[in-house]
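Content type mmCIF, C-alpha atoms, from the file input-v1.cif:
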```
data_target
#
loop_
_atom_site.group_PDB
_atom_site.id
_atom_site.type_symbol
_atom_site.label_atom_id
_atom_site.label_comp_id
_atom_site.auth_asym_id
_atom_site.auth_seq_id
_atom_site.Cartn_x
_atom_site.Cartn_y
_atom_site.Cartn_z
ATOM 1 C CA MET L 1 84.544 21.368 -3.265
ATOM 2 C CA PRO L 2 84.761 23.734 -6.284
ATOM 3 C CA HIS L 3 83.584 22.649 -9.745
ATOM 4 C CA PRO L 4 84.958 25.317 -12.106
ATOM 5 C CA ALA L 5 83.950 23.869 -15.476
ATOM 6 C CA PRO L 6 80.541 25.290 -16.539
ATOM 7 C CA ASN L 7 77.550 23.264 -17.703
ATOM 8 C CA LEU L 8 79.156 19.859 -17.172
ATOM 9 C CA TYR L 9 77.205 18.777 -14.116
ATOM 10 C CA SER L 10 73.722 17.598 -13.288
ATOM 11 C CA LEU L 11 72.092 17.590 -9.875
ATOM 12 C CA LEU L 12 70.447 14.351 -8.725
ATOM 13 C CA ALA L 13 68.227 13.628 -5.719
ATOM 14 C CA ASP L 14 66.555 10.457 -4.451
ATOM 15 C CA ILE L 15 63.909 11.360 -1.860
ATOM 16 C CA GLY L 16 62.665 8.526 0.323
ATOM 17 C CA GLY L 17 60.324 8.620 3.254
ATOM 18 C CA THR L 18 63.237 8.794 5.712
ATOM 19 C CA ASN L 19 66.330 10.073 3.890
ATOM 20 C CA THR L 20 67.252 12.108 0.826
ATOM 21 C CA ARG L 21 70.361 11.221 -1.156
ATOM 22 C CA VAL L 22 71.845 13.973 -3.336
ATOM 23 C CA ALA L 23 74.743 13.816 -5.791
ATOM 24 C CA LEU L 24 76.206 15.257 -8.968
ATOM 25 C CA ALA L 25 76.552 13.559 -12.335
ATOM 26 C CA GLU L 26 78.849 14.342 -15.208
ATOM 27 C CA GLY L 27 77.859 13.344 -18.730
ATOM 28 C CA GLY L 28 75.219 10.936 -17.451
ATOM 29 C CA ARG L 29 77.656 9.292 -15.022
ATOM 30 C CA LEU L 30 76.999 9.419 -11.281
ATOM 31 C CA LEU L 31 79.940 10.856 -9.324
ATOM 32 C CA PRO L 32 80.050 8.671 -6.169
ATOM 33 C CA ARG L 33 82.417 11.028 -4.335
ATOM 34 C CA THR L 34 79.699 13.705 -4.312
ATOM 35 C CA ILE L 35 76.947 11.587 -2.722
ATOM 36 C CA ARG L 36 75.547 13.027 0.493
ATOM 37 C CA ARG L 37 72.707 11.690 2.644
ATOM 38 C CA PHE L 38 70.328 14.007 4.502
ATOM 39 C CA ALA L 39 67.809 12.989 7.169
ATOM 40 C CA ASN L 40 64.426 14.364 6.092
ATOM 41 C CA ALA L 41 63.378 14.911 9.697
ATOM 42 C CA GLY L 42 65.940 17.687 10.035
ATOM 43 C CA HIS L 43 64.759 19.695 7.013
ATOM 44 C CA ARG L 44 61.560 21.528 6.119
ATOM 45 C CA SER L 45 61.665 20.979 2.362
ATOM 46 C CA LEU L 46 63.665 19.621 -0.549
ATOM 47 C CA ASP L 47 64.693 23.185 -1.433
ATOM 48 C CA GLU L 48 66.484 23.403 1.910
ATOM 49 C CA VAL L 49 68.289 20.081 1.301
ATOM 50 C CA LEU L 50 69.353 21.036 -2.233
ATOM 51 C CA GLY L 51 70.566 24.425 -1.040
ATOM 52 C CA ALA L 52 72.737 22.797 1.641
ATOM 53 C CA PHE L 53 74.162 20.323 -0.851
ATOM 54 C CA ILE L 54 74.929 22.917 -3.521
ATOM 55 C CA ALA L 55 76.657 25.161 -0.997
ATOM 56 C CA ALA L 56 78.740 22.243 0.305
ATOM 57 C CA GLU L 57 79.790 21.379 -3.257
ATOM 58 C CA GLY L 58 81.012 24.892 -3.989
ATOM 59 C CA ASN L 59 77.964 26.072 -6.018
ATOM 60 C CA PRO L 60 78.535 23.982 -9.166
ATOM 61 C CA ASP L 61 76.947 25.115 -12.432
ATOM 62 C CA CYS L 62 74.268 22.476 -13.151
ATOM 63 C CA ALA L 63 72.845 22.160 -16.654
ATOM 64 C CA GLY L 64 70.132 19.768 -15.499
ATOM 65 C CA ALA L 65 68.478 18.297 -12.436
ATOM 66 C CA CYS L 66 66.536 15.082 -11.871
ATOM 67 C CA VAL L 67 64.630 14.228 -8.718
ATOM 68 C CA ALA L 68 63.202 10.823 -7.779
ATOM 69 C CA ALA L 69 60.413 11.009 -5.194
ATOM 70 C CA ALA L 70 58.687 8.278 -3.196
ATOM 71 C CA GLY L 71 55.165 9.259 -4.170
ATOM 72 C CA PRO L 72 52.887 9.876 -7.148
ATOM 73 C CA VAL L 73 54.056 12.382 -9.776
ATOM 74 C CA ARG L 74 51.695 14.349 -11.992
ATOM 75 C CA ASP L 75 52.553 17.251 -14.308
ATOM 76 C CA GLY L 76 55.982 17.707 -12.773
ATOM 77 C CA VAL L 77 54.710 17.728 -9.184
ATOM 78 C CA ALA L 78 55.424 14.896 -6.735
ATOM 79 C CA SER L 79 53.364 14.379 -3.584
ATOM 80 C CA MET L 80 55.347 12.367 -1.057
ATOM 81 C CA THR L 81 53.405 9.433 0.391
ATOM 82 C CA ASN L 82 55.208 9.138 3.734
ATOM 83 C CA LEU L 83 56.564 12.680 4.100
ATOM 84 C CA ASP L 84 54.901 16.098 4.249
ATOM 85 C CA TRP L 85 56.766 17.483 1.220
ATOM 86 C CA THR L 86 55.563 18.472 -2.239
ATOM 87 C CA ILE L 87 58.213 18.439 -4.972
ATOM 88 C CA ASP L 88 57.727 20.925 -7.803
ATOM 89 C CA ALA L 89 59.818 20.906 -11.001
ATOM 90 C CA GLY L 90 59.906 24.693 -11.050
ATOM 91 C CA ALA L 91 61.268 24.875 -7.510
ATOM 92 C CA VAL L 92 63.913 22.265 -8.352
ATOM 93 C CA ALA L 93 64.931 24.295 -11.420
ATOM 94 C CA ARG L 94 65.334 27.425 -9.318
ATOM 95 C CA ALA L 95 67.278 25.661 -6.565
ATOM 96 C CA ALA L 96 69.667 24.001 -9.018
ATOM 97 C CA ARG L 97 69.691 26.894 -11.513
ATOM 98 C CA ALA L 98 69.156 24.194 -14.146
ATOM 99 C CA GLU L 99 67.599 24.465 -17.587
ATOM 100 C CA THR L 100 66.456 20.841 -17.915
ATOM 101 C CA VAL L 101 64.530 19.322 -15.007
ATOM 102 C CA ALA L 102 62.790 15.985 -14.528
ATOM 103 C CA VAL L 103 60.717 14.752 -11.587
ATOM 104 C CA LEU L 104 60.254 10.977 -11.425
ATOM 105 C CA ASN L 105 58.672 8.501 -9.098
ATOM 106 C CA ASP L 106 61.513 6.748 -7.246
ATOM 107 C CA LEU L 107 60.695 3.375 -8.819
ATOM 108 C CA GLN L 108 60.898 4.950 -12.273
ATOM 109 C CA ALA L 109 64.434 6.044 -11.415
ATOM 110 C CA GLN L 110 65.275 2.495 -10.342
ATOM 111 C CA GLY L 111 63.931 1.266 -13.671
ATOM 112 C CA HIS L 112 66.163 3.633 -15.617
ATOM 113 C CA ALA L 113 69.160 2.292 -13.669
ATOM 114 C CA LEU L 114 68.709 -1.282 -14.934
ATOM 115 C CA GLY L 115 71.544 -2.198 -17.279
ATOM 116 C CA HIS L 116 73.775 0.484 -15.755
ATOM 117 C CA LEU L 117 74.578 -1.243 -12.451
ATOM 118 C CA ALA L 118 77.678 -3.282 -11.635
ATOM 119 C CA PRO L 119 77.078 -7.069 -11.817
ATOM 120 C CA GLU L 120 78.021 -7.427 -8.153
ATOM 121 C CA ALA L 121 75.165 -5.054 -7.264
ATOM 122 C CA LEU L 122 72.618 -7.743 -8.169
ATOM 123 C CA ARG L 123 71.949 -10.681 -5.829
ATOM 124 C CA GLU L 124 69.878 -13.493 -7.337
ATOM 125 C CA VAL L 125 67.179 -14.772 -4.968
ATOM 126 C CA VAL L 126 65.014 -16.747 -7.436
ATOM 127 C CA ALA L 127 66.731 -18.584 -10.270
ATOM 128 C CA GLY L 128 65.444 -18.229 -13.809
ATOM 129 C CA PRO L 129 66.570 -18.140 -17.419
ATOM 130 C CA PRO L 130 68.985 -15.434 -18.607
ATOM 131 C CA PRO L 131 67.125 -12.176 -19.368
ATOM 132 C CA ALA L 132 66.101 -11.942 -23.008
ATOM 133 C CA PRO L 133 67.527 -8.844 -24.777
ATOM 134 C CA GLY L 134 64.918 -6.118 -25.013
ATOM 135 C CA ALA L 135 62.443 -7.999 -22.811
ATOM 136 C CA SER L 136 60.291 -6.170 -20.283
ATOM 137 C CA GLN L 137 61.597 -5.905 -16.727
ATOM 138 C CA LEU L 138 60.015 -5.066 -13.380
ATOM 139 C CA VAL L 139 61.382 -3.183 -10.373
ATOM 140 C CA VAL L 140 59.704 -3.586 -6.981
ATOM 141 C CA GLY L 141 60.603 -1.296 -4.101
ATOM 142 C CA VAL L 142 60.313 -2.488 -0.500
ATOM 143 C CA GLY L 143 61.495 0.144 1.963
ATOM 144 C CA THR L 144 59.686 2.837 3.916
ATOM 145 C CA GLY L 145 56.861 2.142 1.454
ATOM 146 C CA PHE L 146 56.066 -0.341 -1.326
ATOM 147 C CA ASN L 147 55.719 0.227 -5.062
ATOM 148 C CA ALA L 148 56.621 -1.226 -8.451
ATOM 149 C CA ALA L 149 57.279 -0.060 -12.000
ATOM 150 C CA PRO L 150 57.415 -2.005 -15.285
ATOM 151 C CA VAL L 151 60.319 -1.255 -17.624
ATOM 152 C CA HIS L 152 59.835 -1.489 -21.401
ATOM 153 C CA GLU L 153 62.292 -0.989 -24.246
ATOM 154 C CA ALA L 154 60.710 0.936 -27.144
ATOM 155 C CA PRO L 155 62.040 2.267 -30.470
ATOM 156 C CA GLY L 156 62.222 5.769 -29.000
ATOM 157 C CA GLY L 157 63.983 4.649 -25.828
ATOM 158 C CA ARG L 158 63.191 3.156 -22.457
ATOM 159 C CA ILE L 159 59.734 3.634 -20.928
ATOM 160 C CA VAL L 160 59.316 3.167 -17.184
ATOM 161 C CA ALA L 161 55.666 3.392 -16.217
ATOM 162 C CA ALA L 162 54.684 4.828 -12.847
ATOM 163 C CA SER L 163 52.235 3.148 -10.488
ATOM 164 C CA GLU L 164 51.036 3.240 -6.891
ATOM 165 C CA CYS L 165 50.491 -0.492 -6.473
ATOM 166 C CA GLY L 166 51.541 -0.405 -2.822
ATOM 167 C CA HIS L 167 48.052 0.875 -2.079
ATOM 168 C CA THR L 168 46.173 -1.989 -3.710
ATOM 169 C CA SER L 169 44.433 -4.620 -1.583
ATOM 170 C CA LEU L 170 46.430 -7.014 0.548
ATOM 171 C CA PRO L 171 45.958 -10.583 -0.785
ATOM 172 C CA VAL L 172 44.077 -13.129 1.307
ATOM 173 C CA ARG L 173 44.338 -16.918 0.914
ATOM 174 C CA THR L 174 44.037 -18.276 4.449
ATOM 175 C CA GLU L 175 42.079 -17.589 7.607
ATOM 176 C CA ALA L 176 45.256 -16.159 9.152
ATOM 177 C CA ASP L 177 45.580 -13.788 6.192
ATOM 178 C CA LEU L 178 42.024 -12.603 6.808
ATOM 179 C CA ARG L 179 42.778 -11.955 10.471
ATOM 180 C CA LEU L 180 45.871 -10.003 9.443
ATOM 181 C CA LEU L 181 43.783 -7.969 7.002
ATOM 182 C CA ARG L 182 41.308 -7.077 9.748
ATOM 183 C CA PHE L 183 44.197 -6.155 12.018
ATOM 184 C CA VAL L 184 45.949 -3.760 9.613
ATOM 185 C CA GLU L 185 42.874 -2.135 8.069
ATOM 186 C CA THR L 186 42.481 -0.060 11.224
ATOM 187 C CA VAL L 187 45.612 1.934 10.226
ATOM 188 C CA HIS L 188 44.130 3.781 7.236
ATOM 189 C CA GLY L 189 40.687 2.214 6.965
ATOM 190 C CA PHE L 190 41.873 0.041 4.077
ATOM 191 C CA PRO L 191 44.195 -3.023 4.152
ATOM 192 C CA GLY L 192 46.815 -2.069 1.555
ATOM 193 C CA VAL L 193 49.918 -3.995 0.521
ATOM 194 C CA GLU L 194 52.191 -1.281 1.950
ATOM 195 C CA ASP L 195 50.538 -1.653 5.347
ATOM 196 C CA VAL L 196 52.397 -4.980 5.692
ATOM 197 C CA LEU L 197 55.145 -5.081 3.038
ATOM 198 C CA SER L 198 57.286 -2.135 4.120
ATOM 199 C CA GLY L 199 59.407 -1.118 7.085
ATOM 200 C CA ARG L 200 56.388 0.155 8.990
ATOM 201 C CA GLY L 201 54.429 -2.826 7.742
ATOM 202 C CA LEU L 202 56.995 -5.200 9.227
ATOM 203 C CA GLU L 203 56.390 -3.520 12.587
ATOM 204 C CA ARG L 204 52.611 -3.995 12.265
ATOM 205 C CA LEU L 205 53.116 -7.606 11.231
ATOM 206 C CA TYR L 206 55.260 -8.280 14.303
ATOM 207 C CA THR L 207 52.586 -6.741 16.522
ATOM 208 C CA PHE L 208 49.994 -8.981 14.840
ATOM 209 C CA VAL L 209 52.102 -12.125 15.314
ATOM 210 C CA THR L 210 52.721 -11.411 18.991
ATOM 211 C CA ALA L 211 49.058 -10.495 19.537
ATOM 212 C CA GLU L 212 48.034 -13.818 17.957
ATOM 213 C CA ALA L 213 50.336 -15.540 20.461
ATOM 214 C CA GLY L 214 48.663 -13.701 23.355
ATOM 215 C CA ALA L 215 51.578 -11.392 24.152
ATOM 216 C CA ARG L 216 51.133 -8.291 22.004
ATOM 217 C CA THR L 217 54.470 -6.476 21.606
ATOM 218 C CA GLU L 218 55.636 -3.575 19.466
ATOM 219 C CA LEU L 219 59.180 -3.271 18.125
ATOM 220 C CA PRO L 220 60.839 -1.025 15.532
ATOM 221 C CA ALA L 221 61.824 -2.703 12.264
ATOM 222 C CA ALA L 222 65.559 -2.650 13.045
ATOM 223 C CA ALA L 223 64.938 -4.442 16.359
ATOM 224 C CA ILE L 224 62.808 -7.065 14.607
ATOM 225 C CA MET L 225 65.620 -7.770 12.131
ATOM 226 C CA GLU L 226 68.068 -8.014 15.041
ATOM 227 C CA ALA L 227 65.724 -10.454 16.796
ATOM 228 C CA MET L 228 65.541 -12.526 13.611
ATOM 229 C CA ASN L 229 69.323 -12.711 13.554
ATOM 230 C CA GLY L 230 69.131 -13.961 17.150
ATOM 231 C CA ARG L 231 66.585 -16.622 16.039
ATOM 232 C CA ALA L 232 63.847 -15.250 18.310
ATOM 233 C CA PRO L 233 60.693 -17.318 17.546
ATOM 234 C CA MET L 234 58.230 -14.422 17.170
ATOM 235 C CA ALA L 235 60.625 -12.502 14.921
ATOM 236 C CA LEU L 236 61.255 -15.584 12.770
ATOM 237 C CA GLU L 237 57.513 -16.183 12.385
ATOM 238 C CA THR L 238 57.092 -12.536 11.395
ATOM 239 C CA GLY L 239 59.843 -12.918 8.809
ATOM 240 C CA ARG L 240 58.266 -16.055 7.352
ATOM 241 C CA ILE L 241 54.874 -14.379 6.919
ATOM 242 C CA PHE L 242 56.506 -11.268 5.451
ATOM 243 C CA ALA L 243 58.519 -13.285 2.913
ATOM 244 C CA ARG L 244 55.501 -15.416 1.952
ATOM 245 C CA LEU L 245 53.264 -12.408 1.364
ATOM 246 C CA LEU L 246 56.020 -10.571 -0.498
ATOM 247 C CA GLY L 247 56.590 -13.574 -2.749
ATOM 248 C CA ALA L 248 52.855 -13.818 -3.479
ATOM 249 C CA VAL L 249 52.501 -10.104 -4.268
ATOM 250 C CA VAL L 250 55.633 -9.962 -6.440
ATOM 251 C CA GLY L 251 54.401 -13.088 -8.238
ATOM 252 C CA ASP L 252 51.095 -11.350 -8.952
ATOM 253 C CA LEU L 253 52.970 -8.349 -10.345
ATOM 254 C CA ALA L 254 55.056 -10.637 -12.545
ATOM 255 C CA LEU L 255 51.877 -12.096 -14.036
ATOM 256 C CA ASN L 256 50.551 -8.577 -14.585
ATOM 257 C CA HIS L 257 53.627 -7.385 -16.487
ATOM 258 C CA LEU L 258 55.403 -10.552 -17.790
ATOM 259 C CA PRO L 259 58.955 -9.360 -17.052
ATOM 260 C CA PHE L 260 60.941 -11.916 -19.047
ATOM 261 C CA GLY L 261 63.897 -9.580 -18.598
ATOM 262 C CA GLY L 262 63.828 -10.141 -14.831
ATOM 263 C CA VAL L 263 62.298 -8.869 -11.600
ATOM 264 C CA TYR L 264 64.444 -6.589 -9.436
ATOM 265 C CA LEU L 265 63.733 -5.878 -5.774
ATOM 266 C CA CYS L 266 65.147 -2.677 -4.297
ATOM 267 C CA GLY L 267 64.912 -0.730 -1.051
ATOM 268 C CA GLY L 268 66.318 -1.153 2.430
ATOM 269 C CA VAL L 269 63.830 -3.789 3.581
ATOM 270 C CA ALA L 270 64.353 -5.900 0.442
ATOM 271 C CA ARG L 271 68.117 -5.793 0.984
ATOM 272 C CA ALA L 272 67.749 -6.697 4.664
ATOM 273 C CA PHE L 273 65.560 -9.714 3.833
ATOM 274 C CA ALA L 274 67.693 -10.993 0.946
ATOM 275 C CA PRO L 275 69.718 -13.422 3.134
ATOM 276 C CA TRP L 276 66.473 -14.839 4.565
ATOM 277 C CA PHE L 277 64.475 -15.432 1.390
ATOM 278 C CA ALA L 278 65.670 -19.005 0.870
ATOM 279 C CA GLU L 279 64.900 -20.075 4.452
ATOM 280 C CA PHE L 280 61.555 -18.281 4.547
ATOM 281 C CA GLY L 281 60.249 -19.703 1.257
ATOM 282 C CA PHE L 282 60.070 -16.549 -0.852
ATOM 283 C CA ALA L 283 60.639 -18.479 -4.105
ATOM 284 C CA ASP L 284 57.942 -21.044 -3.271
ATOM 285 C CA ALA L 285 55.412 -18.264 -2.629
ATOM 286 C CA PHE L 286 56.492 -16.450 -5.810
ATOM 287 C CA HIS L 287 55.963 -19.598 -7.915
ATOM 288 C CA ASP L 288 52.723 -20.690 -6.190
ATOM 289 C CA LYS L 289 50.186 -19.706 -8.856
ATOM 290 C CA GLY L 290 48.207 -22.909 -9.372
ATOM 291 C CA ARG L 291 48.260 -24.100 -12.975
ATOM 292 C CA PHE L 292 50.604 -21.210 -13.824
ATOM 293 C CA SER L 293 53.208 -22.298 -11.262
ATOM 294 C CA GLY L 294 55.344 -23.812 -14.022
ATOM 295 C CA PHE L 295 55.044 -20.653 -16.098
ATOM 296 C CA MET L 296 56.434 -18.648 -13.164
ATOM 297 C CA GLN L 297 59.781 -20.386 -13.679
ATOM 298 C CA ASN L 298 60.301 -17.960 -16.581
ATOM 299 C CA PHE L 299 61.019 -15.093 -14.208
ATOM 300 C CA ARG L 300 64.335 -14.537 -12.474
ATOM 301 C CA VAL L 301 64.313 -12.379 -9.318
ATOM 302 C CA ALA L 302 67.304 -10.424 -8.011
ATOM 303 C CA VAL L 303 67.822 -7.875 -5.244
ATOM 304 C CA ILE L 304 69.524 -4.588 -6.146
ATOM 305 C CA GLU L 305 72.149 -4.102 -3.423
ATOM 306 C CA ASP L 306 73.323 -0.701 -4.680
ATOM 307 C CA ASP L 307 71.807 1.847 -2.302
ATOM 308 C CA TYR L 308 72.354 4.597 -4.876
ATOM 309 C CA ALA L 309 70.781 2.891 -7.895
ATOM 310 C CA ALA L 310 68.009 5.515 -8.086
ATOM 311 C CA LEU L 311 70.655 8.239 -8.439
ATOM 312 C CA THR L 312 72.219 6.283 -11.296
ATOM 313 C CA GLY L 313 68.781 6.020 -12.911
ATOM 314 C CA CYS L 314 68.236 9.760 -12.526
ATOM 315 C CA ALA L 315 71.588 10.436 -14.214
ATOM 316 C CA VAL L 316 70.814 8.097 -17.111
ATOM 317 C CA HIS L 317 67.316 9.471 -17.654
ATOM 318 C CA LEU L 318 68.413 13.096 -17.459
ATOM 319 C CA GLN L 319 71.232 12.501 -19.922
ATOM 320 C CA SER L 320 68.759 11.025 -22.417
ATOM 321 C CA LEU L 321 66.531 14.099 -22.043
ATOM 322 C CA MET L 322 69.423 16.505 -22.509
ATOM 323 C CA ALA L 323 70.709 14.616 -25.561
ATOM 324 C CA ALA L 324 67.303 14.479 -27.265
ATOM 325 C CA PRO L 325 66.688 16.820 -30.249
ATOM 326 C CA ARG L 326 64.773 19.976 -29.331
#
```

What is this structure when it is put down as structure tokens?
Amino acid sequence: MPHPAPNLYSLLADIGGTNTRVALAEGGRLLPRTIRRFANAGHRSLDEVLGAFIAAEGNPDCAGACVAAAGPVRDGVASMTNLDWTIDAGAVARAARAETVAVLNDLQAQGHALGHLAPEALREVVAGPPPAPGASQLVVGVGTGFNAAPVHEAPGGRIVAASECGHTSLPVRTEADLRLLRFVETVHGFPGVEDVLSGRGLERLYTFVTAEAGARTELPAAAIMEAMNGRAPMALETGRIFARLLGAVVGDLALNHLPFGGVYLCGGVARAFAPWFAEFGFADAFHDKGRFSGFMQNFRVAVIEDDYAALTGCAVHLQSLMAAPR
């Protein structure tokens, strides 16, 4: 598809552990018709994906490029957590032939999207007061991995702080939690939150639940969700534990960051669990903070159901960079 007008477009990419979504933006606005999804397993690097996309779009002239990567970013270089790719701002600039380039953590991109999503893209799962204007917000990603990012409004513009909180310690409150911790710590030698609260974590949790019942079984995440829909007992028990632990961890993050502007869950696993949160007690676990349980009522939680929200965030952030005085 040719794009004859020069310097009107920006290249956007959202790189997850499984797929990469690429699109164009115009004037800070995501162009949905240009969105393409690439399976990472079929490509050796992001450069290869961007090259294929640019060629398919008729080699548009891109003034800027913004990449969101599921991994830590330092000095313009992203190291993917669940993929053997390294994302370099210089390489992105060369691939896109762009003058302005930004490399973000994927949760930072989600944070920049807040306030720019359609109302129907947000599904409330924990009721709370209306978000206060200018109040801090929090995005929590539950997909191939787990992470979160606080969102703050400042005089100079929005600040979305990066973190790698998916690799902090898994919380323990019960004897069953301790047994789960011992079970998952064999994966990486450390029982991290992501080892349970992610797509791969859901698979480990199901194996744990079935092993506890004396019939150890392994299933892929999609099959576990299908079994939940069929009301299979082991899958339902797995879902309940997952939702309880997720509620507890997200509640801890809310106390860390005080997001009176709302908590927003994103990612494929969060979207898949959204219809189950009420039955599985997510809100109860989120509020269960002892003498601060009442205080937790200040925080509303919603699920972002727009699969391309990170691309929107990339477009918004890049536009702010390109509009800033130099």

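Distances from L:Ala69, L:Val151, L:Val301, L:Ile35 to Pro130 (chain L) were compared using all atoms listed in the file, and the smallest one belongs to L:Val301.
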
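Once Gly17 (chain L) and its same-chain neighbours fewer than 6 positions away are set aside, Asn40, Ala69, Ala70, Met80, Thr81, Asn82, Leu83, Gly143, Thr144 and Gly145 of chain L remain within 9 Å of it when counting only C-alpha atoms.
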
Selected residue of minimal separation from Pro131 (chain L) among L:Leu245, L:Phe260, L:Phe295, L:Asp307, counting all atoms listed in the file: L:Phe260

Expected selection from the PyMOL selection byres ((chain L and resi 168) around 12), given as a list in words: Phe146, Asn147, Ala148, Ser163, Glu164, Cys165, Gly166, His167, Ser169, Leu170, Pro171, Phe190, Pro191, Gly192, Val193, Glu194, Asp195, Val196, Leu197, Val249, Asp252 and Leu253 of chain L

Can those selected residues be exported to a file as a tab-separated table (two decimals), in the coordinates of the input so that it contains C-alpha atoms?
```tsv
chain	number	residue	atom	x	y	z
L	146	PHE	CA	56.07	-0.34	-1.33
L	147	ASN	CA	55.72	0.23	-5.06
L	148	ALA	CA	56.62	-1.23	-8.45
L	163	SER	CA	52.24	3.15	-10.49
L	164	GLU	CA	51.04	3.24	-6.89
L	165	CYS	CA	50.49	-0.49	-6.47
L	166	GLY	CA	51.54	-0.40	-2.82
L	167	HIS	CA	48.05	0.88	-2.08
L	169	SER	CA	44.43	-4.62	-1.58
L	170	LEU	CA	46.43	-7.01	0.55
L	171	PRO	CA	45.96	-10.58	-0.78
L	190	PHE	CA	41.87	0.04	4.08
L	191	PRO	CA	44.20	-3.02	4.15
L	192	GLY	CA	46.82	-2.07	1.56
L	193	VAL	CA	49.92	-4.00	0.52
L	194	GLU	CA	52.19	-1.28	1.95
L	195	ASP	CA	50.54	-1.65	5.35
L	196	VAL	CA	52.40	-4.98	5.69
L	197	LEU	CA	55.14	-5.08	3.04
L	249	VAL	CA	52.50	-10.10	-4.27
L	252	ASP	CA	51.10	-11.35	-8.95
L	253	LEU	CA	52.97	-8.35	-10.34
```

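Across L:Ala310, L:Val125, L:Ala68, L:Ala232, the tightest approach to Pro275 (chain L) is made by L:Val125 when counting only C-alpha atoms.
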
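Evaluated against this file, the PyMOL selection byres ((chain L and resi 208) around 10) yields Arg179, Leu180, Phe183, Val184, Leu202, Glu203, Arg204, Leu205, Tyr206, Thr207, Val209, Thr210, Ala211, Glu212, Ala213, Gly214, Ala215, Arg216, Thr217, Glu218 and Thr238 of chain L.
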
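The interatomic distance for the pair CA of Gln319 (chain L) and CA of Ala63 (chain L) works out to 10.3 Å.
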
The PyMOL selection byres ((chain L and resi 304) around 7) resolved against shown file, as a VMD selection string: chain L and resid 121 to 123 264 to 266 302 to 303 305 to 306

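For Val103 (chain L), the set of protein, DNA and RNA residues having any atom at most 8 Å away, when counting all atoms listed in the file and skipping those fewer than 2 positions along the same chain, is Cys66, Val67, Ala68, Ala69, Val73, Gly76, Val77, Ala78, Ile87, Asp88, Ala89, Val101 and Asn105 of chain L.
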
Shortest interatomic distance to Ala270 (chain L) - which of L:Ala222, L:Leu8, L:Leu30, L:Val142, counting only C-alpha atoms: L:Val142

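Across the structure, CA of His317 (chain L) and CA of His257 (chain L) are spaced 21.7 Å apart.
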
Between CA of Leu311 (chain L) and CA of Gly64 (chain L), distance in Å (one decimal): 13.5 Å

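Residue nearest Leu50 (chain L) within the list L:Arg97, L:His152, L:Arg33, L:Arg240: L:Arg97 [criterion: smallest interatomic distance, all atoms listed in the file].
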
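Of the residues under consideration (L:Leu246, L:Leu318, L:Ala324, L:Ala162), L:Leu318 shows the shortest atom-to-atom contact distance to Tyr9 (chain L) when counting only C-alpha atoms.
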
Region 267-278 of chain L rebuilt with N, CA and C atoms, output as an mmCIF file, in the coordinates of the input:
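Full text of selection.cif as output:
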```
data_model
loop_
_atom_site.group_PDB
_atom_site.id
_atom_site.type_symbol
_atom_site.label_atom_id
_atom_site.label_comp_id
_atom_site.auth_asym_id
_atom_site.auth_seq_id
_atom_site.Cartn_x
_atom_site.Cartn_y
_atom_site.Cartn_z
ATOM 1 N N GLY L 267 65.353 -1.317 -2.309
ATOM 2 C CA GLY L 267 64.912 -0.730 -1.051
ATOM 3 C C GLY L 267 65.561 -1.404 0.142
ATOM 4 N N GLY L 268 65.627 -0.677 1.253
ATOM 5 C CA GLY L 268 66.318 -1.153 2.430
ATOM 6 C C GLY L 268 65.750 -2.432 3.021
ATOM 7 N N VAL L 269 64.431 -2.583 3.019
ATOM 8 C CA VAL L 269 63.830 -3.789 3.581
ATOM 9 C C VAL L 269 64.106 -4.993 2.686
ATOM 10 N N ALA L 270 64.031 -4.810 1.368
ATOM 11 C CA ALA L 270 64.353 -5.900 0.442
ATOM 12 C C ALA L 270 65.789 -6.369 0.635
ATOM 13 N N ARG L 271 66.710 -5.416 0.779
ATOM 14 C CA ARG L 271 68.117 -5.793 0.984
ATOM 15 C C ARG L 271 68.303 -6.522 2.315
ATOM 16 N N ALA L 272 67.607 -6.062 3.359
ATOM 17 C CA ALA L 272 67.749 -6.697 4.664
ATOM 18 C C ALA L 272 67.209 -8.124 4.669
ATOM 19 N N PHE L 273 66.165 -8.386 3.872
ATOM 20 C CA PHE L 273 65.560 -9.714 3.833
ATOM 21 C C PHE L 273 66.245 -10.662 2.852
ATOM 22 N N ALA L 274 67.083 -10.149 1.974
ATOM 23 C CA ALA L 274 67.693 -10.993 0.946
ATOM 24 C C ALA L 274 68.343 -12.254 1.512
ATOM 25 N N PRO L 275 69.099 -12.194 2.620
ATOM 26 C CA PRO L 275 69.718 -13.422 3.134
ATOM 27 C C PRO L 275 68.710 -14.423 3.708
ATOM 28 N N TRP L 276 67.482 -13.992 3.940
ATOM 29 C CA TRP L 276 66.473 -14.839 4.565
ATOM 30 C C TRP L 276 65.504 -15.467 3.570
ATOM 31 N N PHE L 277 65.505 -14.995 2.334
ATOM 32 C CA PHE L 277 64.475 -15.432 1.390
ATOM 33 C C PHE L 277 64.465 -16.948 1.189
ATOM 34 N N ALA L 278 65.630 -17.559 1.098
ATOM 35 C CA ALA L 278 65.670 -19.005 0.870
ATOM 36 C C ALA L 278 65.052 -19.759 2.042
#
```
